[in-house]
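Engineer: Below you'll find the structure I mean.
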Amino acid sequence: MEGSTVLAIFAHPDDESLACGGTLARLADCGARIVVMCASRGEAGSISEPALVPDGDLGRARERELREAAAVLGIAEVLVMNHPDGDLRWDHVPELHEEIVDAIRRYRPEAVITFAEDGLYWHLDHVGVHERTYTAVKSLGAQAPPLYYVTIPQGIMRGVIAAAHAQGGAPPDSSFWGIDPAAFGDGARPATFVVDVRDWAPRKLAALRCHRTQMGANNPIAWINEEEARRWLGVEHFRRSTLDAAAQDSVLERVGEPVALKLET
Ligand SMILES: [Zn+2]
C-alpha cells in the first residue's frame, strides 16, 4: 500500500477513533498515508474535568487531543477546520464543500471515508459532514475517488456498556456522551463489508482515551479492557457509495472481508 492515500472526513475530534480508528491504524501500518480532515474543533462538546481546559478553550484542547490520537493511530496528517461545532449541517456549507474538494485534489486519495447517512447515531453535524462529503466527491465526476461510509451497527455500544458494568464501572444509566446506545446504527443501511481490526483494538482504545475531555470516568469506554475492546470494537463496518461503481477496488476493500465476519459474543 506504499503510495496509497486514504482521506477520512469527520465532524469532531474523537469521531475518527470511534468510527474507524482500527482501520486507519491498520492501513497506516500497511504503508498507506492516512489524512484526517476534521470539520470542527469540537468546541461545543462536554468537558469531563475542568482542569483539562484551564483556559476554557475547549476547541484548542480537543485539537491537541486529536493530534495525540492521530499519533497513536499512525495518521500522517490532520487537517482541523474551524467550522461551528453544532451547526455543521447548515453553516459554512460552501466553504466546507470547497475544502473537501481541495483536499481531494491535493492529496489524490485512493479512498475517501466519511459517515453514512445515519451519521453513526443521527448526530446532525455528522449527517452534515456526510452530505458535504457526498456532494464534494460527486462534483468531481469521473475523477472522483471511491467513497466509503462507516457505520456502527446496533448492539455494539450496548455491548461496550455491558462490558464496562462487568468491570465495575459506568453507572447503570450510563450512556456515551448522553446518547442512548440504541441510537447507534438505528435505521442505518447495512454495511457491505467489514475490516477486521481485532489486532488493532488496543490502539483504537488508546486513541479513544486520548480524547480525555470527552472520556469522563462515567464513560463506558474508560472502563473496558483491551480484550473487551477487541470483542466489541474489533470489527469496523463499511459500505461503498454508488457514485463510482465503475472504479476499481481501493485499499479499503483489499483489507476488507465479507460482512458475515462476526465477533464471537
Ligand atoms: Zn462527532
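Identifiers in the C-alpha cells: chain A, B, ... in order shown; residue index from 1 per chain; ligand index from 1 in order shown.
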Can you pull out every residue with an atom within 8 Å of ligand 1? Use only C-alpha atoms and all ligand atoms and format it as a PDB file with N, CA and C atoms, in the first residue's frame.
Structural biologist:
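The new file part_18.pdb reads:
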```pdb
ATOM      1  N   PHE A  10     -14.379  13.694   9.047  1.00  0.00           N
ATOM      2  CA  PHE A  10     -15.322  13.576  10.146  1.00  0.00           C
ATOM      3  C   PHE A  10     -15.655  14.961  10.694  1.00  0.00           C
ATOM      4  N   ALA A  11     -16.484  14.988  11.736  1.00  0.00           N
ATOM      5  CA  ALA A  11     -17.029  16.256  12.219  1.00  0.00           C
ATOM      6  C   ALA A  11     -16.282  16.823  13.414  1.00  0.00           C
ATOM      7  N   HIS A  12     -15.950  15.950  14.362  1.00  0.00           N
ATOM      8  CA  HIS A  12     -15.358  16.396  15.634  1.00  0.00           C
ATOM      9  C   HIS A  12     -14.142  15.535  15.972  1.00  0.00           C
ATOM     10  N   PRO A  13     -13.212  16.082  16.741  1.00  0.00           N
ATOM     11  CA  PRO A  13     -12.165  15.226  17.291  1.00  0.00           C
ATOM     12  C   PRO A  13     -12.822  14.093  18.096  1.00  0.00           C
ATOM     13  N   ASP A  14     -12.429  12.927  17.915  1.00  0.00           N
ATOM     14  CA  ASP A  14     -12.845  11.638  18.512  1.00  0.00           C
ATOM     15  C   ASP A  14     -13.681  10.784  17.548  1.00  0.00           C
ATOM     16  N   ASP A  15     -14.356  11.427  16.558  1.00  0.00           N
ATOM     17  CA  ASP A  15     -15.128  10.645  15.579  1.00  0.00           C
ATOM     18  C   ASP A  15     -14.212   9.658  14.846  1.00  0.00           C
ATOM     19  N   GLY A  42     -14.622  20.918  17.704  1.00  0.00           N
ATOM     20  CA  GLY A  42     -15.373  20.261  18.779  1.00  0.00           C
ATOM     21  C   GLY A  42     -15.586  21.134  19.999  1.00  0.00           C
ATOM     22  N   HIS A 123     -26.484  12.151  14.609  1.00  0.00           N
ATOM     23  CA  HIS A 123     -25.951  13.454  15.037  1.00  0.00           C
ATOM     24  C   HIS A 123     -25.973  14.359  13.814  1.00  0.00           C
ATOM     25  N   ASP A 125     -24.495  17.119  13.034  1.00  0.00           N
ATOM     26  CA  ASP A 125     -23.182  17.509  12.494  1.00  0.00           C
ATOM     27  C   ASP A 125     -22.619  16.390  11.625  1.00  0.00           C
ATOM     28  N   HIS A 126     -22.787  15.162  12.091  1.00  0.00           N
ATOM     29  CA  HIS A 126     -22.265  14.013  11.331  1.00  0.00           C
ATOM     30  C   HIS A 126     -23.019  13.866  10.011  1.00  0.00           C
TER      31      HIS A 126
END
```
Engineer: Quick one: residues within 9 Å of Ile34 in chain A, only C-alpha atoms counted, chain neighbours fewer than 3 positions away excluded, as number ranges by chain?
Structural biologist: A: 4-8, 24-25, 27-28, 74-78, 109
Engineer: Need to verify the contact set: Asn82 in chain A, 10 Å, only C-alpha atoms, exclusion of same-chain residues closer than 4 positions in sequence. Can you return it as a list of chain:residue names?
Structural biologist: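 Answer for this query is A:Cys38, A:Ala39, A:Ser40, A:Arg41, A:Gly42, A:Glu43, A:Gly59, A:His92, A:Leu96.
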Engineer: Give me, please, the distance in Å between CA of Leu147 in chain A and CA of Ser241 in chain A, quoted to one decimal.
Structural biologist: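 Rounded to one decimal, the two atoms are 5.6 Å apart.
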Engineer: Which residues, written as a ChimeraX atom specification, have at least one atom at most 9 Å from Ala183 in chain A, with only C-alpha atoms counted and residues fewer than 2 positions away on the same chain left out?
Structural biologist: /A:120-122,154,179-181,185-187
Engineer: Keeping only N, CA, C and O atoms, write the selected residues to a file as a PDB file, in the first residue's frame.
Structural biologist:
```
ATOM      1  N   LEU A 120     -23.691   7.855  12.282  1.00  0.00           N
ATOM      2  CA  LEU A 120     -23.451   6.956  13.429  1.00  0.00           C
ATOM      3  C   LEU A 120     -24.650   6.849  14.369  1.00  0.00           C
ATOM      4  O   LEU A 120     -25.034   5.774  14.781  1.00  0.00           O
ATOM      5  N   TYR A 121     -25.226   8.007  14.733  1.00  0.00           N
ATOM      6  CA  TYR A 121     -26.403   7.979  15.640  1.00  0.00           C
ATOM      7  C   TYR A 121     -27.275   9.204  15.396  1.00  0.00           C
ATOM      8  O   TYR A 121     -27.850   9.750  16.312  1.00  0.00           O
ATOM      9  N   TRP A 122     -27.357   9.609  14.116  1.00  0.00           N
ATOM     10  CA  TRP A 122     -28.201  10.725  13.701  1.00  0.00           C
ATOM     11  C   TRP A 122     -27.772  12.052  14.305  1.00  0.00           C
ATOM     12  O   TRP A 122     -28.586  12.956  14.488  1.00  0.00           O
ATOM     13  N   GLN A 154     -26.168  -1.720  15.314  1.00  0.00           N
ATOM     14  CA  GLN A 154     -26.857  -1.800  16.597  1.00  0.00           C
ATOM     15  C   GLN A 154     -26.305  -2.953  17.432  1.00  0.00           C
ATOM     16  O   GLN A 154     -25.942  -3.992  16.901  1.00  0.00           O
ATOM     17  N   ILE A 179     -25.809   9.953  24.808  1.00  0.00           N
ATOM     18  CA  ILE A 179     -26.533   9.336  23.692  1.00  0.00           C
ATOM     19  C   ILE A 179     -26.971   7.939  24.087  1.00  0.00           C
ATOM     20  O   ILE A 179     -26.160   7.139  24.562  1.00  0.00           O
ATOM     21  N   ASP A 180     -28.213   7.653  23.856  1.00  0.00           N
ATOM     22  CA  ASP A 180     -28.731   6.310  24.102  1.00  0.00           C
ATOM     23  C   ASP A 180     -27.971   5.321  23.209  1.00  0.00           C
ATOM     24  O   ASP A 180     -27.892   5.522  21.996  1.00  0.00           O
ATOM     25  N   PRO A 181     -27.411   4.259  23.780  1.00  0.00           N
ATOM     26  CA  PRO A 181     -26.656   3.322  22.938  1.00  0.00           C
ATOM     27  C   PRO A 181     -27.503   2.717  21.817  1.00  0.00           C
ATOM     28  O   PRO A 181     -26.974   2.337  20.770  1.00  0.00           O
ATOM     29  N   GLY A 185     -26.541   3.111  14.991  1.00  0.00           N
ATOM     30  CA  GLY A 185     -26.934   2.153  13.955  1.00  0.00           C
ATOM     31  C   GLY A 185     -28.432   2.046  13.741  1.00  0.00           C
ATOM     32  O   GLY A 185     -28.873   1.284  12.873  1.00  0.00           O
ATOM     33  N   ASP A 186     -29.215   2.808  14.500  1.00  0.00           N
ATOM     34  CA  ASP A 186     -30.669   2.721  14.363  1.00  0.00           C
ATOM     35  C   ASP A 186     -31.085   3.228  12.977  1.00  0.00           C
ATOM     36  O   ASP A 186     -30.842   4.380  12.629  1.00  0.00           O
ATOM     37  N   GLY A 187     -31.685   2.371  12.209  1.00  0.00           N
ATOM     38  CA  GLY A 187     -32.135   2.784  10.874  1.00  0.00           C
ATOM     39  C   GLY A 187     -31.018   2.902   9.853  1.00  0.00           C
ATOM     40  O   GLY A 187     -31.258   3.383   8.745  1.00  0.00           O
TER      41      GLY A 187
END
```
Engineer: Determine, for each residue of range 60-121 of chain A having at least one atom at most 12 Å from an atom of range 250-258 of chain A, the closest pair of atoms and their separation in Å to one decimal, counting only C-alpha atoms; order by chain and ascending number, as CSV.
Structural biologist:
```
residue,atom,partner,partner_atom,distance
A:Pro109,CA,A:Ser250,CA,9.7
A:Glu110,CA,A:Ser250,CA,6.1
A:Ala111,CA,A:Ser250,CA,6.1
A:Val112,CA,A:Leu252,CA,9.4
A:Ile113,CA,A:Leu252,CA,9.3
```
Engineer: Here is a test: counting only C-alpha atoms, which residue of A:Leu243, A:Cys20, A:Met1, A:Ala116 is nearest to Val197 in chain A?
Structural biologist: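 Under the stated criterion, the closest residue is A:Cys20.
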Engineer: Which residue gives the smallest distance to Met157 in chain A among A:Val195, A:Val36, A:Leu18, A:Ala206, with only C-alpha atoms counted?
Structural biologist: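 Nearest to Met157 in chain A: A:Leu18.
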Engineer: Using only C-alpha atoms, which protein or nucleic acid residues come within 9 Å of Arg240 in chain A? Drop anything in the same chain fewer than 6 positions from it, and give the result as a ChimeraX atom specification.
Structural biologist: /A:146-150,191-193
Engineer: Suppose we keep C-alpha atoms; can you now write the selection as a compact mmCIF listing (two decimals), in the first residue's frame?
Structural biologist:
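Result saved to again_9.txt:
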```
# COMPACT_ATOMS: atom_id res chain seq x y z
CA PRO A 146 -14.24 5.75 -4.27
CA LEU A 147 -16.27 6.96 -1.31
CA TYR A 148 -16.98 4.75 1.71
CA TYR A 149 -19.44 5.16 4.54
CA VAL A 150 -18.71 3.88 8.02
CA ALA A 191 -22.69 -2.50 5.73
CA THR A 192 -21.45 -4.37 2.68
CA PHE A 193 -18.01 -5.26 4.01
```
Engineer: Check the DSSP output for the backbone and give back, as a count of residues only, the residues of range 4-178 of chain A in helix (DSSP H, G or I).
Structural biologist: 83
Engineer: Just checking: using only C-alpha atoms, which residue out of A:Gly21, A:Pro172, A:Pro190, A:Pro145 ends up closest to Asn218 in chain A?
Structural biologist: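 Using only C-alpha atoms, the shortest distance to Asn218 in chain A belongs to A:Pro172.
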Engineer: Just the residues within 7 Å of Gly216 in chain A, please, counting only C-alpha atoms, with nothing from its chain fewer than 3 positions along; format it as a PyMOL selection string.
Structural biologist: chain A and resi 48+213+219
Engineer: Given the selection you just returned, output its residues as a file containing N, CA, C and O atoms, formatted as an mmCIF file, in the first residue's frame.
Structural biologist:
```
data_model
loop_
_atom_site.group_PDB
_atom_site.id
_atom_site.type_symbol
_atom_site.label_atom_id
_atom_site.label_comp_id
_atom_site.auth_asym_id
_atom_site.auth_seq_id
_atom_site.Cartn_x
_atom_site.Cartn_y
_atom_site.Cartn_z
ATOM 1 N N SER A 48 -15.029 16.769 30.523
ATOM 2 C CA SER A 48 -15.137 15.746 31.564
ATOM 3 C C SER A 48 -14.554 16.229 32.885
ATOM 4 O O SER A 48 -15.000 15.822 33.953
ATOM 5 N N THR A 213 -10.997 15.010 27.331
ATOM 6 C CA THR A 213 -12.118 15.891 27.706
ATOM 7 C C THR A 213 -13.462 15.225 27.432
ATOM 8 O O THR A 213 -14.481 15.633 27.987
ATOM 9 N N ASN A 219 -17.835 7.359 31.396
ATOM 10 C CA ASN A 219 -17.960 6.874 30.018
ATOM 11 C C ASN A 219 -17.553 5.405 29.958
ATOM 12 O O ASN A 219 -16.463 5.038 30.410
#
```
